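Below is the file structure05.txt, which contains compact mmCIF, C-alpha atoms.
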# COMPACT_ATOMS: atom_id res chain seq x y z
CA MET A 1 103.10 100.23 123.78
CA ALA A 2 101.09 101.63 126.70
CA ALA A 3 98.16 99.48 125.60
CA GLY A 4 100.35 96.40 125.57
CA ALA A 5 101.75 97.12 129.01
CA GLY A 6 98.36 97.82 130.54
CA ALA A 7 95.30 95.71 131.12
CA ALA A 8 95.32 92.06 130.17
CA LEU A 9 92.50 92.21 127.66
CA ALA A 10 91.19 94.91 125.31
CA GLY A 11 88.89 94.20 122.40
CA GLY A 12 89.62 90.50 122.74
CA TYR A 13 93.40 90.98 122.49
CA ASP A 14 95.87 90.18 125.25
CA ALA A 15 98.97 92.33 125.83
CA ASP A 16 101.29 90.31 123.55
CA GLN A 17 98.71 90.31 120.76
CA LEU A 18 98.40 94.10 120.95
CA VAL A 19 102.17 94.54 120.83
CA THR A 20 102.32 92.24 117.81
CA TYR A 21 99.45 94.17 116.21
CA VAL A 22 101.31 97.47 116.58
CA TRP A 23 104.73 96.36 115.35
CA VAL A 24 103.57 94.19 112.47
CA GLY A 25 101.03 96.87 111.52
CA GLN A 26 103.85 99.39 111.17
CA GLY A 27 105.79 96.93 109.07
CA LEU A 28 102.80 96.25 106.81
CA LEU A 29 102.10 99.94 106.24
CA SER A 30 104.59 100.30 103.40
CA VAL A 31 103.84 96.80 102.08
CA VAL A 32 100.12 97.40 101.69
CA GLY A 33 100.82 101.00 100.67
CA ILE A 34 97.49 102.60 101.45
CA TRP A 35 99.06 106.08 101.06
CA SER A 36 101.46 107.96 98.82
CA TRP A 37 100.41 106.71 95.40
CA ASN A 38 99.21 109.26 92.88
CA GLU A 39 100.96 108.13 89.72
CA LEU A 40 97.75 107.57 87.76
CA ASN A 41 96.48 111.02 88.72
CA ASP A 42 99.79 112.60 87.66
CA ARG A 43 99.81 110.81 84.31
CA ILE A 44 96.24 111.86 83.58
CA ARG A 45 97.02 115.49 84.45
CA SER A 46 100.19 115.55 82.32
CA GLY A 47 98.66 113.65 79.40
CA ASP A 48 101.20 110.83 79.69
CA ILE A 49 98.30 108.41 80.13
CA ALA A 50 97.88 108.60 76.35
CA SER A 51 101.07 106.59 75.86
CA ASP A 52 99.87 104.02 78.41
CA LEU A 53 96.74 103.46 76.34
CA LEU A 54 98.86 102.54 73.32
CA ARG A 55 100.37 99.56 75.12
CA PRO A 56 98.98 96.04 74.60
CA ILE A 57 97.92 95.61 78.23
CA SER A 58 95.44 97.58 80.31
CA PRO A 59 96.80 100.33 82.58
CA VAL A 60 95.12 98.50 85.48
CA THR A 61 97.19 95.38 84.83
CA ALA A 62 100.40 97.33 84.30
CA PHE A 63 100.02 99.39 87.45
CA LEU A 64 99.03 96.30 89.47
CA ALA A 65 102.17 94.45 88.38
CA ALA A 66 104.31 97.42 89.41
CA ASP A 67 102.49 97.67 92.73
CA LEU A 68 103.08 94.02 93.54
CA GLY A 69 106.78 94.58 92.91
CA ARG A 70 106.71 97.61 95.21
CA ALA A 71 105.01 95.53 97.92
CA LEU A 72 107.64 92.79 97.63
CA HIS A 73 110.39 95.37 98.05
CA GLY A 74 108.58 96.80 101.08
CA MET A 75 108.32 93.34 102.60
CA ALA A 76 112.07 92.80 102.22
CA THR A 77 113.00 96.19 103.67
CA ARG A 78 110.40 98.13 105.66
CA PHE A 79 108.60 95.06 107.08
CA VAL A 80 111.64 93.20 108.41
CA ALA A 81 113.10 96.03 110.52
CA PRO A 82 110.16 96.92 112.82
CA VAL A 83 109.16 93.29 113.26
CA THR A 84 112.74 92.35 114.22
CA VAL A 85 112.86 95.20 116.75
CA GLY A 86 109.51 94.13 118.16
CA ILE A 87 110.67 90.54 118.57
CA LEU A 88 113.96 91.52 120.24
CA VAL A 89 112.65 94.23 122.56
CA PHE A 90 109.01 93.37 123.32
CA GLY A 91 107.02 90.21 123.81
CA MET A 92 105.24 89.25 120.63
CA THR A 93 102.70 86.56 119.88
CA VAL A 94 104.07 83.44 118.21
CA PRO A 95 101.51 81.65 115.99
CA THR A 96 100.42 78.30 117.39
CA ARG A 97 98.30 77.06 114.48
CA VAL A 98 99.85 75.40 111.44
CA GLN A 99 97.70 77.34 108.99
CA THR A 100 98.35 80.80 110.46
CA VAL A 101 101.56 81.70 108.61
CA PRO A 102 100.41 80.67 105.09
CA LEU A 103 97.00 82.23 105.75
CA PHE A 104 98.71 85.44 106.86
CA ALA A 105 100.86 85.45 103.70
CA LEU A 106 97.76 85.03 101.53
CA SER A 107 95.97 87.73 103.51
CA VAL A 108 98.85 90.17 102.92
CA VAL A 109 98.78 89.53 99.16
CA LEU A 110 95.02 90.13 99.10
CA ALA A 111 95.50 93.27 101.19
CA VAL A 112 97.99 94.62 98.64
CA ILE A 113 95.58 93.90 95.78
CA GLY A 114 92.66 95.43 97.67
CA SER A 115 94.70 98.52 98.52
CA PHE A 116 95.75 98.89 94.89
CA GLY A 117 92.14 98.63 93.75
CA CYS A 118 91.05 101.36 96.16
CA ARG A 119 93.94 103.65 95.23
CA TYR A 120 93.37 103.12 91.53
CA LEU A 121 89.70 104.04 91.81
CA VAL A 122 90.52 107.15 93.84
CA ASN A 123 93.18 108.24 91.32
CA ALA A 124 90.87 107.46 88.41
CA THR A 125 88.52 110.27 89.47
CA ALA A 126 91.05 112.50 87.69
CA TYR A 127 89.61 111.28 84.38
CA TRP A 128 86.52 113.32 85.21
CA LEU A 129 87.84 115.91 87.69
CA HIS A 130 91.17 116.44 85.86
CA ASP A 131 92.87 116.48 89.26
CA ALA A 132 92.29 113.85 91.96
CA ARG A 133 94.19 115.58 94.77
CA GLY A 134 90.95 116.24 96.66
CA PRO A 135 89.76 112.61 96.63
CA ILE A 136 93.32 111.44 97.39
CA THR A 137 93.44 113.70 100.47
CA PHE A 138 90.07 112.40 101.63
CA TRP A 139 91.30 108.83 101.10
CA THR A 140 94.46 109.52 103.09
CA LEU A 141 92.49 110.91 106.02
CA GLY A 142 89.91 108.13 106.16
CA SER A 143 91.69 104.96 105.08
CA GLY A 144 94.05 104.70 108.05
CA VAL A 145 91.18 104.89 110.54
CA LEU A 146 88.88 102.45 108.75
CA ALA A 147 91.65 99.99 107.88
CA GLY A 148 92.62 99.50 111.53
CA LEU A 149 95.95 101.35 111.46
CA TYR A 150 95.38 103.73 114.38
CA PHE A 151 93.46 101.29 116.56
CA PRO A 152 92.02 97.78 116.14
CA LEU A 153 88.50 97.94 114.75
CA ARG A 154 87.53 95.29 117.32
CA LEU A 155 87.51 98.12 119.87
CA LEU A 156 84.43 99.52 118.11
CA PRO A 157 80.90 98.29 118.88
CA ASP A 158 80.35 94.87 117.29
CA TRP A 159 77.62 96.07 114.93
CA LEU A 160 79.85 98.84 113.57
CA ALA A 161 82.89 96.59 113.14
CA VAL A 162 80.84 93.97 111.29
CA THR A 163 79.29 96.65 109.07
CA LEU A 164 82.72 97.97 108.12
CA TRP A 165 83.96 94.46 107.27
CA VAL A 166 80.97 93.54 105.13
CA ALA A 167 80.14 96.88 103.51
CA THR A 168 83.66 98.16 102.79
CA PRO A 169 86.99 96.65 101.74
CA LEU A 170 88.96 98.79 104.20
CA PRO A 171 89.30 96.38 107.17
CA GLY A 172 90.86 93.88 104.76
CA LEU A 173 93.77 96.24 104.09
CA LEU A 174 95.35 95.92 107.56
CA GLN A 175 92.95 94.67 110.21
CA THR A 176 92.34 91.23 108.67
CA PRO A 177 95.99 90.20 108.13
CA LEU A 178 96.88 91.44 111.61
CA ASP A 179 94.00 89.56 113.22
CA VAL A 180 95.00 86.44 111.33
CA LEU A 181 98.60 86.69 112.52
CA VAL A 182 97.75 87.21 116.20
CA GLU A 183 95.11 84.44 116.01
CA ARG A 184 92.43 86.76 117.37
CA ASP A 185 89.64 84.47 116.08
CA PRO A 186 88.90 80.75 115.71
CA SER A 187 90.34 79.08 112.61
CA ALA A 188 87.04 79.03 110.72
CA LEU A 189 86.48 82.75 111.22
CA GLN A 190 90.07 83.46 110.21
CA ALA A 191 89.49 81.65 106.93
CA GLY A 192 86.17 83.44 106.46
CA LEU A 193 87.77 86.86 106.86
CA VAL A 194 90.44 86.02 104.29
CA ALA A 195 87.74 84.74 101.93
CA LEU A 196 85.95 88.08 102.33
CA GLN A 197 89.23 89.79 101.44
CA ALA A 198 89.38 87.71 98.26
CA VAL A 199 85.83 88.72 97.32
CA TRP A 200 86.65 92.40 97.79
CA ALA A 201 89.89 92.05 95.81
CA VAL A 202 87.98 90.61 92.84
CA VAL A 203 85.27 93.28 93.10
CA LEU A 204 87.78 96.14 93.29
CA LEU A 205 89.82 94.93 90.32
CA ALA A 206 86.63 94.46 88.30
CA LEU A 207 85.54 98.01 89.20
CA ALA A 208 88.97 99.37 88.28
CA HIS A 209 88.77 97.75 84.84
CA LEU A 210 85.20 99.01 84.37
CA VAL A 211 86.08 102.57 85.35
CA GLN A 212 89.15 102.47 83.09
CA ARG A 213 87.08 101.36 80.09
CA ARG A 214 84.47 104.07 80.75
CA ALA A 215 87.19 106.70 81.11
CA GLU A 216 88.84 105.74 77.84
CA ARG A 217 85.61 106.49 75.99
CA LYS A 218 85.61 110.12 77.09
CA LEU A 219 89.28 110.81 77.88
CA VAL A 220 90.48 114.37 77.40
CA VAL A 221 94.27 114.47 77.37
CA GLN A 222 95.50 117.39 79.46
CA GLY A 223 99.12 117.58 78.43
CA GLY A 224 98.89 118.33 74.71
Let me see the file written as structure tokens.
Amino acid sequence: MAAGAGAALAGGYDADQLVTYVWVGQGLLSVVGIWSWNELNDRIRSGDIASDLLRPISPVTAFLAADLGRALHGMATRFVAPVTVGILVFGMTVPTRVQTVPLFALSVVLAVIGSFGCRYLVNATAYWLHDARGPITFWTLGSGVLAGLYFPLRLLPDWLAVTLWVATPLPGLLQTPLDVLVERDPSALQAGLVALQAVWAVVLLALAHLVQRRAERKLVVQGG
């Protein structure tokens, strides 16, 4: 809030945009769900993954469907409260472009899928390590910073921010939907960032399926 009440412009954001970034970012945290998911790791460690492999659909598809349901519940509960408080108590940016709201909605869906893909890959290291708590801890420490949770990535040097966007999927988990909502960029760049999200979502799901197939060839069930 201090940032919003201070100088008029920081990283290309005005005060209202920064306030909106903070409040909506808090609301999106449980929707995107970058933390607190270790179900795949737990099922590999216990051996329960064996029953998942007997089902007619891939574990990737099954877990993704459950995660989308979790995100919808988070949108209806955790998202509404902080955004409502932000609107009532602080000045927040109101979108002025017709395409912003549907583009933001699409961006959030892609962020959920991208987050799921990252979390699945991190958890899937348990197929080889037999316990993914180390990689999960590393993911928890790094993902919030590189996704734009603690501060907007636009505050970084331009070359570093661009590198993070192009070389990693992490800015697409929070930074992109938030930038779309506050209309930080021209319309064409907004659409380009969401398109980049879509590319990363496809890549991450493809990698998750590939890793799952490789793991099934050498799976050692831990739970008997």
Nearest candidate to Phe79 in chain A (options A:Gly12, A:Gly27, A:Gly33, A:Pro177; using only C-alpha atoms):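 For Phe79 in chain A, the nearest of the given residues is A:Gly27.
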One-decimal distance in Å that lies between CA of Trp200 in chain A and CA of Val31 in chain A: 18.3 Å
Long-range neighbours of range 203-206 of chain A as an MDAnalysis selection string, 12 Å cut-off, only C-alpha atoms, 4 positions minimum in chain: chainID A and resid 58:61 63:64 110:122 168:170 196:199 210:213
Which protein, DNA or RNA residues have an atom at most 12 Å from (103.6, 102.0, 112.4), counting only C-alpha atoms? List them as a list of chain:residue names.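 Result, sorted by chain then residue number: A:Met1, A:Val19, A:Thr20, A:Tyr21, A:Val22, A:Trp23, A:Val24, A:Gly25, A:Gln26, A:Gly27, A:Leu28, A:Leu29, A:Ser30, A:Val31, A:Arg78, A:Phe79, A:Ala81, A:Pro82, A:Val83, A:Gly86, A:Gly144, A:Gly148, A:Leu149, A:Tyr150, A:Phe151, A:Leu174.
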Which polymer residues have any atom within 9 Å of an atom of Asn123 in chain A, counting all atoms listed in the file, with same-chain residues fewer than 2 positions away left out, as a list in words?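 Near neighbours after the sequence-gap exclusion: Trp37, Asn38, Glu39, Leu40, Asn41, Asp42, Cys118, Arg119, Tyr120, Leu121, Thr125, Ala126, Tyr127, Asp131, Ala132, Arg133, Pro135 and Ile136 of chain A.
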Please compute the CA of Leu146 in chain A-CA of Pro171 in chain A distance, one decimal, in Å.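 Atom-to-atom, CA of Leu146 in chain A to CA of Pro171 in chain A, that is 6.3 Å.
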Could you work out how far CA of Val89 in chain A lies from CA of Val145 in chain A, giving the answer in Å with one decimal?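 Computed distance, CA of Val145 in chain A to CA of Val89 in chain A, equals 26.8 Å.
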Residues around (98.1, 86.2, 105.1), cut-off 10 Å, counting all atoms listed in the file - what are they as a list in words?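 Protein and nucleic acid residues near the point are Gln99, Thr100, Val101, Pro102, Leu103, Phe104, Ala105, Leu106, Ser107, Val108, Val109, Leu110, Ala111, Thr176, Pro177, Leu178, Asp179, Val180, Leu181, Gln190, Ala191 and Val194 of chain A.
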C-alpha atoms of the current selection, written as a compact mmCIF listing (two decimals), in the frame of the given file:
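out-v9.txt was written with the following content:
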# COMPACT_ATOMS: atom_id res chain seq x y z
CA GLN A 99 97.70 77.34 108.99
CA THR A 100 98.35 80.80 110.46
CA VAL A 101 101.56 81.70 108.61
CA PRO A 102 100.41 80.67 105.09
CA LEU A 103 97.00 82.23 105.75
CA PHE A 104 98.71 85.44 106.86
CA ALA A 105 100.86 85.45 103.70
CA LEU A 106 97.76 85.03 101.53
CA SER A 107 95.97 87.73 103.51
CA VAL A 108 98.85 90.17 102.92
CA VAL A 109 98.78 89.53 99.16
CA LEU A 110 95.02 90.13 99.10
CA ALA A 111 95.50 93.27 101.19
CA THR A 176 92.34 91.23 108.67
CA PRO A 177 95.99 90.20 108.13
CA LEU A 178 96.88 91.44 111.61
CA ASP A 179 94.00 89.56 113.22
CA VAL A 180 95.00 86.44 111.33
CA LEU A 181 98.60 86.69 112.52
CA GLN A 190 90.07 83.46 110.21
CA ALA A 191 89.49 81.65 106.93
CA VAL A 194 90.44 86.02 104.29
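Closest approach to Val182 in chain A from the set A:Leu54, A:Arg43, A:Thr163, A:Met92 is made by A:Met92, with distances taken over only C-alpha atoms.
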Nearest to Arg217 in chain A, chosen from A:Leu53, A:Leu72, A:Val166, A:Ile87, with only C-alpha atoms counted in the distances: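 Of A:Leu53, A:Leu72, A:Val166, A:Ile87, the one nearest Arg217 in chain A is A:Leu53, counting only C-alpha atoms.
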Generate all heavy atoms for range 161-172 of chain A and emit them as a PDB file, in the frame of the given file.
ATOM      1  N   ALA A 161      81.759  97.331 113.696  1.00  0.00           N
ATOM      2  CA  ALA A 161      82.890  96.590 113.140  1.00  0.00           C
ATOM      3  C   ALA A 161      82.439  95.634 112.044  1.00  0.00           C
ATOM      4  O   ALA A 161      83.045  95.553 110.972  1.00  0.00           O
ATOM      5  CB  ALA A 161      83.617  95.835 114.250  1.00  0.00           C
ATOM      6  N   VAL A 162      81.360  94.906 112.292  1.00  0.00           N
ATOM      7  CA  VAL A 162      80.840  93.970 111.290  1.00  0.00           C
ATOM      8  C   VAL A 162      80.393  94.713 110.039  1.00  0.00           C
ATOM      9  O   VAL A 162      80.636  94.277 108.904  1.00  0.00           O
ATOM     10  CB  VAL A 162      79.679  93.145 111.886  1.00  0.00           C
ATOM     11  CG1 VAL A 162      78.988  92.324 110.794  1.00  0.00           C
ATOM     12  CG2 VAL A 162      80.189  92.219 112.988  1.00  0.00           C
ATOM     13  N   THR A 163      79.731  95.852 110.222  1.00  0.00           N
ATOM     14  CA  THR A 163      79.290  96.650 109.070  1.00  0.00           C
ATOM     15  C   THR A 163      80.465  97.092 108.224  1.00  0.00           C
ATOM     16  O   THR A 163      80.423  97.019 106.987  1.00  0.00           O
ATOM     17  CB  THR A 163      78.498  97.886 109.547  1.00  0.00           C
ATOM     18  OG1 THR A 163      77.349  97.462 110.282  1.00  0.00           O
ATOM     19  CG2 THR A 163      78.053  98.737 108.361  1.00  0.00           C
ATOM     20  N   LEU A 164      81.542  97.554 108.862  1.00  0.00           N
ATOM     21  CA  LEU A 164      82.720  97.970 108.120  1.00  0.00           C
ATOM     22  C   LEU A 164      83.331  96.817 107.335  1.00  0.00           C
ATOM     23  O   LEU A 164      83.764  96.979 106.188  1.00  0.00           O
ATOM     24  CB  LEU A 164      83.770  98.555 109.076  1.00  0.00           C
ATOM     25  CG  LEU A 164      83.443  99.922 109.692  1.00  0.00           C
ATOM     26  CD1 LEU A 164      84.489 100.302 110.736  1.00  0.00           C
ATOM     27  CD2 LEU A 164      83.377 100.986 108.605  1.00  0.00           C
ATOM     28  N   TRP A 165      83.377  95.630 107.943  1.00  0.00           N
ATOM     29  CA  TRP A 165      83.960  94.460 107.270  1.00  0.00           C
ATOM     30  C   TRP A 165      83.134  94.056 106.050  1.00  0.00           C
ATOM     31  O   TRP A 165      83.685  93.741 105.005  1.00  0.00           O
ATOM     32  CB  TRP A 165      84.052  93.292 108.253  1.00  0.00           C
ATOM     33  CG  TRP A 165      85.457  92.885 108.581  1.00  0.00           C
ATOM     34  CD1 TRP A 165      86.361  92.303 107.746  1.00  0.00           C
ATOM     35  CD2 TRP A 165      86.123  93.042 109.844  1.00  0.00           C
ATOM     36  NE1 TRP A 165      87.539  92.072 108.407  1.00  0.00           N
ATOM     37  CE2 TRP A 165      87.435  92.514 109.700  1.00  0.00           C
ATOM     38  CE3 TRP A 165      85.739  93.552 111.075  1.00  0.00           C
ATOM     39  CZ2 TRP A 165      88.349  92.492 110.737  1.00  0.00           C
ATOM     40  CZ3 TRP A 165      86.658  93.532 112.108  1.00  0.00           C
ATOM     41  CH2 TRP A 165      87.948  93.012 111.935  1.00  0.00           C
ATOM     42  N   VAL A 166      81.824  94.050 106.202  1.00  0.00           N
ATOM     43  CA  VAL A 166      80.970  93.540 105.130  1.00  0.00           C
ATOM     44  C   VAL A 166      80.732  94.588 104.051  1.00  0.00           C
ATOM     45  O   VAL A 166      80.721  94.273 102.856  1.00  0.00           O
ATOM     46  CB  VAL A 166      79.617  93.058 105.718  1.00  0.00           C
ATOM     47  CG1 VAL A 166      78.660  92.656 104.600  1.00  0.00           C
ATOM     48  CG2 VAL A 166      79.841  91.895 106.677  1.00  0.00           C
ATOM     49  N   ALA A 167      80.549  95.844 104.459  1.00  0.00           N
ATOM     50  CA  ALA A 167      80.140  96.880 103.510  1.00  0.00           C
ATOM     51  C   ALA A 167      81.294  97.608 102.854  1.00  0.00           C
ATOM     52  O   ALA A 167      81.081  98.323 101.875  1.00  0.00           O
ATOM     53  CB  ALA A 167      79.231  97.894 104.223  1.00  0.00           C
ATOM     54  N   THR A 168      82.512  97.478 103.379  1.00  0.00           N
ATOM     55  CA  THR A 168      83.660  98.160 102.790  1.00  0.00           C
ATOM     56  C   THR A 168      84.848  97.203 102.715  1.00  0.00           C
ATOM     57  O   THR A 168      84.937  96.252 103.491  1.00  0.00           O
ATOM     58  CB  THR A 168      84.092  99.391 103.626  1.00  0.00           C
ATOM     59  OG1 THR A 168      84.843  98.966 104.774  1.00  0.00           O
ATOM     60  CG2 THR A 168      82.882 100.194 104.094  1.00  0.00           C
ATOM     61  N   PRO A 169      85.790  97.485 101.816  1.00  0.00           N
ATOM     62  CA  PRO A 169      86.990  96.650 101.740  1.00  0.00           C
ATOM     63  C   PRO A 169      88.080  97.075 102.707  1.00  0.00           C
ATOM     64  O   PRO A 169      89.114  96.416 102.819  1.00  0.00           O
ATOM     65  CB  PRO A 169      87.467  96.882 100.297  1.00  0.00           C
ATOM     66  CG  PRO A 169      87.040  98.280  99.992  1.00  0.00           C
ATOM     67  CD  PRO A 169      85.727  98.480 100.722  1.00  0.00           C
ATOM     68  N   LEU A 170      87.871  98.169 103.441  1.00  0.00           N
ATOM     69  CA  LEU A 170      88.960  98.790 104.200  1.00  0.00           C
ATOM     70  C   LEU A 170      89.522  97.923 105.333  1.00  0.00           C
ATOM     71  O   LEU A 170      90.740  97.885 105.516  1.00  0.00           O
ATOM     72  CB  LEU A 170      88.518 100.154 104.724  1.00  0.00           C
ATOM     73  CG  LEU A 170      88.210 101.177 103.621  1.00  0.00           C
ATOM     74  CD1 LEU A 170      87.718 102.479 104.218  1.00  0.00           C
ATOM     75  CD2 LEU A 170      89.436 101.422 102.764  1.00  0.00           C
ATOM     76  N   PRO A 171      88.698  97.222 106.130  1.00  0.00           N
ATOM     77  CA  PRO A 171      89.300  96.380 107.170  1.00  0.00           C
ATOM     78  C   PRO A 171      90.241  95.311 106.608  1.00  0.00           C
ATOM     79  O   PRO A 171      91.170  94.874 107.293  1.00  0.00           O
ATOM     80  CB  PRO A 171      88.089  95.741 107.860  1.00  0.00           C
ATOM     81  CG  PRO A 171      86.983  96.716 107.635  1.00  0.00           C
ATOM     82  CD  PRO A 171      87.231  97.246 106.253  1.00  0.00           C
ATOM     83  N   GLY A 172      90.008  94.894 105.368  1.00  0.00           N
ATOM     84  CA  GLY A 172      90.860  93.880 104.760  1.00  0.00           C
ATOM     85  C   GLY A 172      92.240  94.382 104.399  1.00  0.00           C
ATOM     86  O   GLY A 172      93.127  93.586 104.075  1.00  0.00           O
TER      87      GLY A 172
END
